[in-house]
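The file protein-v8.pdb contains PDB, C-alpha atoms:
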MODEL        1
ATOM      1  CA  MET A   1      12.832 -14.945 -17.330
ATOM      2  CA  LEU A   2       9.795 -13.725 -15.407
ATOM      3  CA  ILE A   3      11.912 -12.868 -12.352
ATOM      4  CA  ALA A   4      14.429 -11.037 -14.496
ATOM      5  CA  THR A   5      11.640  -9.038 -16.097
ATOM      6  CA  LEU A   6      10.092  -8.101 -12.777
ATOM      7  CA  THR A   7      13.400  -6.789 -11.455
ATOM      8  CA  ALA A   8      13.113  -3.955 -13.949
ATOM      9  CA  CYS A   9       9.820  -2.872 -12.356
ATOM     10  CA  GLY A  10      11.154  -2.338  -8.852
ATOM     11  CA  GLU A  11      13.078  -3.870  -5.986
ATOM     12  CA  LEU A  12      12.061  -7.469  -5.348
ATOM     13  CA  GLY A  13      11.990  -8.898  -1.876
ATOM     14  CA  ASP A  14      13.042 -12.329  -0.700
ATOM     15  CA  PRO A  15      11.250 -15.320  -2.301
ATOM     16  CA  ALA A  16      10.263 -16.445   1.197
ATOM     17  CA  SER A  17       8.189 -13.267   1.540
ATOM     18  CA  GLY A  18       6.484 -13.672  -1.814
ATOM     19  CA  PHE A  19       8.874 -11.138  -3.382
ATOM     20  CA  LEU A  20       7.322  -8.319  -1.360
ATOM     21  CA  PRO A  21       9.690  -5.533  -0.243
ATOM     22  CA  ARG A  22      11.224  -6.181   3.149
ATOM     23  CA  GLY A  23       8.694  -4.916   5.673
ATOM     24  CA  THR A  24       9.851  -2.296   8.167
ATOM     25  CA  THR A  25       6.790  -1.954  10.408
ATOM     26  CA  THR A  26       5.134  -4.113  13.046
ATOM     27  CA  GLY A  27       2.166  -4.729  10.712
ATOM     28  CA  ALA A  28       4.217  -5.779   7.692
ATOM     29  CA  GLU A  29       4.508  -9.405   8.828
ATOM     30  CA  ARG A  30       0.716  -9.714   8.891
ATOM     31  CA  VAL A  31       0.491  -8.395   5.331
ATOM     32  CA  THR A  32       3.216 -10.785   4.183
ATOM     33  CA  ASP A  33       1.500 -13.790   5.798
ATOM     34  CA  LEU A  34      -1.796 -12.934   4.117
ATOM     35  CA  TRP A  35      -0.073 -12.429   0.765
ATOM     36  CA  ILE A  36       1.767 -15.757   0.944
ATOM     37  CA  GLY A  37      -1.330 -17.605   2.146
ATOM     38  CA  MET A  38      -3.364 -16.337  -0.798
ATOM     39  CA  TRP A  39      -0.634 -17.350  -3.245
ATOM     40  CA  ILE A  40      -0.473 -20.849  -1.742
ATOM     41  CA  ALA A  41      -4.239 -21.171  -2.093
ATOM     42  CA  ALA A  42      -4.117 -19.836  -5.663
ATOM     43  CA  TRP A  43      -1.383 -22.280  -6.684
ATOM     44  CA  GLY A  44      -3.318 -25.125  -5.048
ATOM     45  CA  VAL A  45      -6.463 -24.291  -6.991
ATOM     46  CA  GLY A  46      -4.459 -23.855 -10.180
ATOM     47  CA  ALA A  47      -2.771 -27.231  -9.741
ATOM     48  CA  LEU A  48      -6.136 -28.908  -9.144
ATOM     49  CA  VAL A  49      -7.770 -27.302 -12.193
ATOM     50  CA  TRP A  50      -4.829 -28.058 -14.495
ATOM     51  CA  GLY A  51      -4.588 -31.591 -13.114
ATOM     52  CA  LEU A  52      -8.256 -32.311 -13.778
ATOM     53  CA  THR A  53      -8.023 -30.713 -17.222
ATOM     54  CA  ILE A  54      -5.021 -32.829 -18.219
ATOM     55  CA  TYR A  55      -6.684 -35.944 -16.799
ATOM     56  CA  CYS A  56      -9.813 -35.350 -18.865
ATOM     57  CA  VAL A  57      -7.793 -34.673 -22.015
ATOM     58  CA  ILE A  58      -5.915 -37.958 -21.625
ATOM     59  CA  ARG A  59      -8.630 -40.154 -20.130
ATOM     60  CA  PHE A  60     -11.419 -39.193 -22.505
ATOM     61  CA  ARG A  61      -9.442 -38.573 -25.671
ATOM     62  CA  ARG A  62     -10.856 -40.002 -28.862
ATOM     63  CA  ARG A  63      -9.542 -43.424 -29.767
ATOM     64  CA  LYS A  64      -9.281 -45.144 -33.135
ATOM     65  CA  ASP A  65     -12.008 -47.637 -32.355
ATOM     66  CA  ASP A  66     -14.499 -45.004 -31.186
ATOM     67  CA  VAL A  67     -17.674 -44.909 -33.262
ATOM     68  CA  GLY A  68     -19.892 -41.852 -33.209
ATOM     69  CA  LEU A  69     -20.137 -39.410 -30.342
ATOM     70  CA  PRO A  70     -19.794 -40.316 -26.662
ATOM     71  CA  PRO A  71     -22.938 -40.258 -24.490
ATOM     72  CA  GLN A  72     -24.310 -36.717 -24.240
ATOM     73  CA  LEU A  73     -25.436 -35.491 -20.793
ATOM     74  CA  ARG A  74     -27.525 -32.383 -20.186
ATOM     75  CA  TYR A  75     -26.221 -31.770 -16.693
ATOM     76  CA  ASN A  76     -24.715 -33.345 -13.619
ATOM     77  CA  VAL A  77     -26.324 -31.934 -10.493
ATOM     78  CA  PRO A  78     -23.668 -33.065  -7.954
ATOM     79  CA  ILE A  79     -20.829 -31.606 -10.027
ATOM     80  CA  GLU A  80     -22.700 -28.355 -10.662
ATOM     81  CA  ILE A  81     -23.369 -27.979  -6.928
ATOM     82  CA  LEU A  82     -19.702 -28.723  -6.242
ATOM     83  CA  TYR A  83     -18.271 -26.086  -8.578
ATOM     84  CA  THR A  84     -20.802 -23.533  -7.308
ATOM     85  CA  ILE A  85     -20.414 -24.083  -3.576
ATOM     86  CA  VAL A  86     -16.632 -24.564  -3.453
ATOM     87  CA  PRO A  87     -15.740 -21.218  -5.129
ATOM     88  CA  VAL A  88     -18.206 -19.399  -2.854
ATOM     89  CA  MET A  89     -16.555 -20.997   0.172
ATOM     90  CA  MET A  90     -13.099 -20.060  -1.112
ATOM     91  CA  VAL A  91     -14.083 -16.430  -1.620
ATOM     92  CA  GLY A  92     -15.615 -16.435   1.860
ATOM     93  CA  VAL A  93     -12.359 -17.655   3.418
ATOM     94  CA  VAL A  94     -10.326 -14.999   1.572
ATOM     95  CA  PHE A  95     -12.827 -12.335   2.620
ATOM     96  CA  TYR A  96     -12.643 -13.420   6.271
ATOM     97  CA  TYR A  97      -8.845 -13.240   6.553
ATOM     98  CA  THR A  98      -8.649 -10.015   4.537
ATOM     99  CA  TYR A  99     -11.315  -8.355   6.684
ATOM    100  CA  ARG A 100      -9.661  -9.589   9.892
ATOM    101  CA  ASP A 101      -6.245  -8.233   8.960
ATOM    102  CA  GLU A 102      -7.654  -4.983   7.584
ATOM    103  CA  GLN A 103      -9.449  -4.277  10.858
ATOM    104  CA  ILE A 104      -6.196  -4.754  12.776
ATOM    105  CA  LEU A 105      -4.023  -2.772  10.368
ATOM    106  CA  MET A 106      -6.494   0.132  10.150
ATOM    107  CA  ASP A 107      -7.105   0.344  13.884
ATOM    108  CA  SER A 108      -6.183   3.864  15.018
ATOM    109  CA  SER A 109      -7.608   3.690  18.534
ATOM    110  CA  GLN A 110      -4.217   3.660  20.239
ATOM    111  CA  THR A 111      -2.642   6.951  21.253
ATOM    112  CA  PRO A 112       0.145   7.759  18.771
ATOM    113  CA  ASP A 113       3.560   9.123  19.732
ATOM    114  CA  VAL A 114       3.736  11.242  16.571
ATOM    115  CA  ILE A 115       0.985  12.625  14.330
ATOM    116  CA  VAL A 116       1.784  13.706  10.794
ATOM    117  CA  ASN A 117      -0.742  15.334   8.515
ATOM    118  CA  VAL A 118       0.320  14.386   4.988
ATOM    119  CA  VAL A 119      -1.146  16.671   2.323
ATOM    120  CA  GLY A 120      -1.146  15.456  -1.265
ATOM    121  CA  LYS A 121      -1.048  17.985  -4.068
ATOM    122  CA  GLN A 122      -0.342  17.944  -7.788
ATOM    123  CA  TRP A 123       2.442  16.811  -7.832
ATOM    124  CA  SER A 124       4.232  16.747  -4.509
ATOM    125  CA  TRP A 125       3.697  16.551  -0.752
ATOM    126  CA  ASP A 126       3.420  18.681   2.371
ATOM    127  CA  PHE A 127       4.120  17.280   5.843
ATOM    128  CA  ASN A 128       2.598  18.923   8.923
ATOM    129  CA  TYR A 129       4.039  17.651  12.193
ATOM    130  CA  VAL A 130       0.918  18.015  14.292
ATOM    131  CA  GLY A 131       1.602  19.146  17.850
ATOM    132  CA  GLU A 132       5.066  20.437  16.942
ATOM    133  CA  ASN A 133       3.804  23.503  15.012
ATOM    134  CA  VAL A 134       6.218  22.899  12.125
ATOM    135  CA  HIS A 135       5.878  21.755   8.550
ATOM    136  CA  ASP A 136       7.905  20.776   5.533
ATOM    137  CA  SER A 137       6.832  21.197   1.928
ATOM    138  CA  GLY A 138       7.866  19.828  -1.433
ATOM    139  CA  VAL A 139       7.738  20.877  -5.060
ATOM    140  CA  GLN A 140       7.315  18.786  -8.163
ATOM    141  CA  ALA A 141      10.369  16.622  -8.697
ATOM    142  CA  THR A 142      12.655  17.129 -11.668
ATOM    143  CA  LEU A 143      13.985  13.718 -12.600
ATOM    144  CA  THR A 144      17.082  13.587 -14.797
ATOM    145  CA  GLY A 145      17.859   9.908 -14.405
ATOM    146  CA  GLN A 146      21.174  10.781 -12.820
ATOM    147  CA  PRO A 147      22.345   9.774  -9.321
ATOM    148  CA  GLY A 148      21.337  12.293  -6.689
ATOM    149  CA  ASP A 149      17.824  13.031  -7.964
ATOM    150  CA  GLU A 150      16.357  11.588  -4.750
ATOM    151  CA  ALA A 151      18.087  14.280  -2.685
ATOM    152  CA  SER A 152      15.757  16.911  -4.179
ATOM    153  CA  LEU A 153      12.590  15.087  -3.100
ATOM    154  CA  PRO A 154      10.604  16.115  -0.015
ATOM    155  CA  THR A 155      11.618  14.015   2.979
ATOM    156  CA  LEU A 156       9.354  12.811   5.761
ATOM    157  CA  VAL A 157      11.388  12.175   8.925
ATOM    158  CA  LEU A 158      10.029   9.726  11.512
ATOM    159  CA  PRO A 159      11.389   8.332  14.793
ATOM    160  CA  VAL A 160      12.086   4.609  14.940
ATOM    161  CA  ASN A 161      10.024   2.342  17.227
ATOM    162  CA  LYS A 162       7.397   5.039  17.814
ATOM    163  CA  ARG A 163       3.722   4.796  16.900
ATOM    164  CA  ILE A 164       3.056   7.149  13.995
ATOM    165  CA  GLU A 165      -0.408   8.247  12.929
ATOM    166  CA  PHE A 166      -0.781   9.538   9.388
ATOM    167  CA  ARG A 167      -3.717  11.856   8.746
ATOM    168  CA  LEU A 168      -4.140  12.024   5.007
ATOM    169  CA  THR A 169      -5.730  14.940   3.168
ATOM    170  CA  SER A 170      -5.645  16.212  -0.403
ATOM    171  CA  ARG A 171      -5.433  19.702  -1.803
ATOM    172  CA  ASP A 172      -6.886  18.978  -5.245
ATOM    173  CA  VAL A 173      -7.584  15.485  -6.643
ATOM    174  CA  ILE A 174      -7.465  11.931  -5.265
ATOM    175  CA  HIS A 175      -3.948  10.814  -4.382
ATOM    176  CA  SER A 176      -2.706   7.740  -2.518
ATOM    177  CA  PHE A 177      -0.021   7.688   0.186
ATOM    178  CA  TRP A 178       2.238   4.665  -0.296
ATOM    179  CA  VAL A 179       5.505   3.646   1.304
ATOM    180  CA  PRO A 180       6.166   0.152  -0.096
ATOM    181  CA  VAL A 181       8.279  -1.033   2.857
ATOM    182  CA  PHE A 182       5.397  -0.138   5.221
ATOM    183  CA  GLN A 183       3.255  -2.546   3.169
ATOM    184  CA  GLN A 184       0.261  -0.258   3.654
ATOM    185  CA  LYS A 185      -1.223   2.502   1.559
ATOM    186  CA  LEU A 186      -4.340   4.621   1.757
ATOM    187  CA  ASP A 187      -6.155   7.030  -0.541
ATOM    188  CA  MET A 188      -6.210  10.772   0.038
ATOM    189  CA  VAL A 189      -9.650  12.047  -0.917
ATOM    190  CA  PRO A 190     -10.453  15.780  -1.128
ATOM    191  CA  GLY A 191     -12.725  16.808   1.728
ATOM    192  CA  ASN A 192     -12.055  13.625   3.726
ATOM    193  CA  VAL A 193      -9.538  12.689   6.403
ATOM    194  CA  ASN A 194      -8.188   9.150   6.196
ATOM    195  CA  ARG A 195      -5.824   7.826   8.835
ATOM    196  CA  PHE A 196      -3.767   4.817   9.762
ATOM    197  CA  GLN A 197      -0.972   4.037  12.207
ATOM    198  CA  VAL A 198       2.357   2.254  11.873
ATOM    199  CA  VAL A 199       5.336   1.555  14.107
ATOM    200  CA  PRO A 200       8.571   1.730  12.038
ATOM    201  CA  THR A 201      11.033  -0.866  13.293
ATOM    202  CA  SER A 202      14.051  -0.255  11.043
ATOM    203  CA  GLU A 203      16.172   2.838  10.540
ATOM    204  CA  GLY A 204      16.988   3.919   7.020
ATOM    205  CA  THR A 205      15.851   5.974   4.050
ATOM    206  CA  PHE A 206      12.977   4.526   2.041
ATOM    207  CA  GLN A 207      10.977   5.481  -1.035
ATOM    208  CA  GLY A 208       7.446   6.814  -1.025
ATOM    209  CA  LYS A 209       5.133   7.618  -3.904
ATOM    210  CA  CYS A 210       1.588   8.347  -4.990
ATOM    211  CA  ALA A 211      -0.248   5.139  -5.917
ATOM    212  CA  GLU A 212      -3.260   6.785  -7.573
ATOM    213  CA  LEU A 213      -3.120   8.139 -11.130
ATOM    214  CA  CYS A 214      -3.563  11.843 -10.386
ATOM    215  CA  GLY A 215      -2.628  13.681 -13.540
ATOM    216  CA  ALA A 216       0.077  14.292 -16.107
ATOM    217  CA  TYR A 217       3.021  14.204 -13.690
ATOM    218  CA  HIS A 218       1.823  11.442 -11.390
ATOM    219  CA  ALA A 219       5.067   9.512 -11.975
ATOM    220  CA  THR A 220       7.124  12.329 -10.429
ATOM    221  CA  MET A 221       5.055  12.534  -7.243
ATOM    222  CA  LEU A 222       7.749  10.960  -5.096
ATOM    223  CA  PHE A 223       9.135  11.485  -1.614
ATOM    224  CA  ASN A 224      11.635  10.044   0.835
ATOM    225  CA  VAL A 225      10.908   8.577   4.253
ATOM    226  CA  LYS A 226      13.781   8.746   6.708
ATOM    227  CA  VAL A 227      13.408   6.688   9.889
ATOM    228  CA  VAL A 228      15.900   7.865  12.500
ATOM    229  CA  PRO A 229      16.577   7.715  16.250
ATOM    230  CA  GLU A 230      14.481   9.967  18.488
ATOM    231  CA  GLN A 231      17.302  12.451  19.014
ATOM    232  CA  GLU A 232      17.843  12.905  15.286
ATOM    233  CA  TYR A 233      14.089  13.292  14.781
ATOM    234  CA  ARG A 234      13.995  16.082  17.362
ATOM    235  CA  ALA A 235      16.965  17.749  15.689
ATOM    236  CA  HIS A 236      15.086  17.685  12.375
ATOM    237  CA  LEU A 237      12.066  19.415  13.931
ATOM    238  CA  GLN A 238      14.347  22.086  15.347
ATOM    239  CA  SER A 239      15.966  22.605  11.956
ATOM    240  CA  LEU A 240      12.508  23.237  10.475
ATOM    241  CA  ARG A 241      11.886  25.862  13.152
ATOM    242  CA  ASP A 242      15.249  27.453  12.417
ATOM    243  CA  GLN A 243      14.262  27.665   8.736
ATOM    244  CA  GLY A 244      11.066  29.482   9.683
ATOM    245  CA  LYS A 245       8.815  26.594   8.698
ATOM    246  CA  THR A 246       6.437  27.101  11.597
ATOM    247  CA  GLY A 247       2.665  26.778  11.482
ATOM    248  CA  TYR A 248       0.762  24.379   9.261
ATOM    249  CA  LEU A 249       0.001  24.134   5.548
ATOM    250  CA  GLY A 250      -3.699  23.654   4.949
ATOM    251  CA  THR A 251      -5.541  21.969   2.110
ATOM    252  CA  ASP A 252      -6.997  25.318   0.982
ATOM    253  CA  LEU A 253      -3.718  26.534  -0.504
ATOM    254  CA  ASN A 254      -3.374  26.636  -4.268
ATOM    255  CA  ARG A 255      -0.290  25.910  -6.328
ATOM    256  CA  GLU A 256       0.826  29.534  -6.471
ATOM    257  CA  LEU A 257       0.350  30.305  -2.776
ATOM    258  CA  LEU A 258       2.476  28.786  -0.019
ATOM    259  CA  ALA A 259       2.007  30.226   3.456
ATOM    260  CA  PRO A 260       1.735  28.888   6.999
ATOM    261  CA  HIS A 261      -1.779  28.078   8.070
ATOM    262  CA  GLN A 262      -3.447  27.980  11.439
ATOM    263  CA  PRO A 263      -3.530  24.775  13.487
ATOM    264  CA  GLU A 264      -7.313  24.655  13.116
ATOM    265  CA  ALA A 265      -6.798  23.553   9.518
ATOM    266  CA  ILE A 266      -5.344  20.259  10.739
ATOM    267  CA  PRO A 267      -8.043  17.624  11.276
ATOM    268  CA  THR A 268      -8.407  16.358  14.799
ATOM    269  CA  ARG A 269      -9.551  12.984  16.036
ATOM    270  CA  GLY A 270     -13.258  12.420  16.197
TER     271      GLY A 270
ENDMDL
END

Just give me the structure as structure tokens.
Amino acid sequence: MLIATLTACGELGDPASGFLPRGTTTGAERVTDLWIGMWIAAWGVGALVWGLTIYCVIRFRRRKDDVGLPPQLRYNVPIEILYTIVPVMMVGVVFYYTYRDEQILMDSSQTPDVIVNVVGKQWSWDFNYVGENVHDSGVQATLTGQPGDEASLPTLVLPVNKRIEFRLTSRDVIHSFWVPVFQQKLDMVPGNVNRFQVVPTSEGTFQGKCAELCGAYHATMLFNVKVVPEQEYRAHLQSLRDQGKTGYLGTDLNRELLAPHQPEAIPTRG
């Protein structure tokens, strides 16, 4: 019943991956391993707690020949030390593995093959292909519930097996850039530049969305991610040039104004 209910909330992955979406980047396996490891630990702790609880209920239940109350103890120092130290150690282990994996996943020291400045705005997305002097822009989605709605969403095109660096900025409020199959997401904070890198390993069209409640139409802040061969990626950039989408869209634009901006508006490394 629980599985059937969850299927209504989104696409479930394989049980072996903890029902996460199938990862399509080189870092997704690390996220999946951490996720599964934490669930195994959680189930282990749960089984221990429930086991001890059931044991106490059965072992120390009141019997017919019991007279009065059982012996009353103020405290048990060894047990109190145990249930204080053990949880602290458990949290420390979780913190260690989470910190270790986060440092690896958020490392952006390698030179990327492609840099994309993703600009969040209420309630759509702009994509600046840094170094290519082209951009693509989206408008708020109109969702009818009919097949084909996804074709009207802004589409971010990326080459497969290339290192992509996302530089995330916001035009108005806090948004969050999330592609579930990348198994990574990061906030977009006005005035700040957040970045992370991925290497897409599978071709296909995937869903992207804002993961931060950003206003009345947050639910319609959707986009597509299309991972394609290098040649098709280059053809897409040329099609943007042919459409006149040259220059960059900065974070200083408002909702009524849409015009190419100068490259200086795109944050650089450092």

Requested in this report: Find the spatial neighbours of range 77-93 of chain A, counting all atoms listed in the file, within a cut-off of 12 Å - ignore same-chain residues fewer than 2 positions away - and output them as number ranges by chain.
Outcome: A: 34, 37-38, 41-42, 44-45, 49, 73-75, 95-100

Query - Among listed residues A:Asn133, A:Ser124, A:Thr25, A:Thr111, nearest Tyr217 in chain A (using all atoms listed in the file) - result: A:Ser124

**Report entry** Resolved residues for the PyMOL selection byres ((chain A and resi 219) around 12) as a VMD selection string
**Finding:** chain A and resid 122 to 124 140 to 143 175 208 to 218 220 to 223

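If you look at CA of Glu165 in chain A and CA of Leu153 in chain A, they are 21.7 Å away from each other.
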
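Minimum atom-to-atom distance to Asp101 in chain A, evaluated using only C-alpha atoms, belongs to A:Arg30 out of A:Arg59, A:Lys162, A:Lys121, A:Arg30.
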
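The spacing separating CA of Val134 in chain A from CA of Leu237 in chain A amounts to 7.0 Å.
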
Evaluating the PyMOL selection byres ((chain A and resi 178) around 9) on the displayed file yields which residues, as an mmCIF file with C-alpha atoms, keeping the file's coordinate frame?
data_model
loop_
_atom_site.group_PDB
_atom_site.id
_atom_site.type_symbol
_atom_site.label_atom_id
_atom_site.label_comp_id
_atom_site.auth_asym_id
_atom_site.auth_seq_id
_atom_site.Cartn_x
_atom_site.Cartn_y
_atom_site.Cartn_z
ATOM 1 C CA SER A 176 -2.706 7.740 -2.518
ATOM 2 C CA PHE A 177 -0.021 7.688 0.186
ATOM 3 C CA VAL A 179 5.505 3.646 1.304
ATOM 4 C CA PRO A 180 6.166 0.152 -0.096
ATOM 5 C CA VAL A 181 8.279 -1.033 2.857
ATOM 6 C CA PHE A 182 5.397 -0.138 5.221
ATOM 7 C CA GLN A 183 3.255 -2.546 3.169
ATOM 8 C CA GLN A 184 0.261 -0.258 3.654
ATOM 9 C CA LYS A 185 -1.223 2.502 1.559
ATOM 10 C CA LEU A 186 -4.340 4.621 1.757
ATOM 11 C CA ASP A 187 -6.155 7.030 -0.541
ATOM 12 C CA GLN A 207 10.977 5.481 -1.035
ATOM 13 C CA GLY A 208 7.446 6.814 -1.025
ATOM 14 C CA LYS A 209 5.133 7.618 -3.904
ATOM 15 C CA CYS A 210 1.588 8.347 -4.990
ATOM 16 C CA ALA A 211 -0.248 5.139 -5.917
#
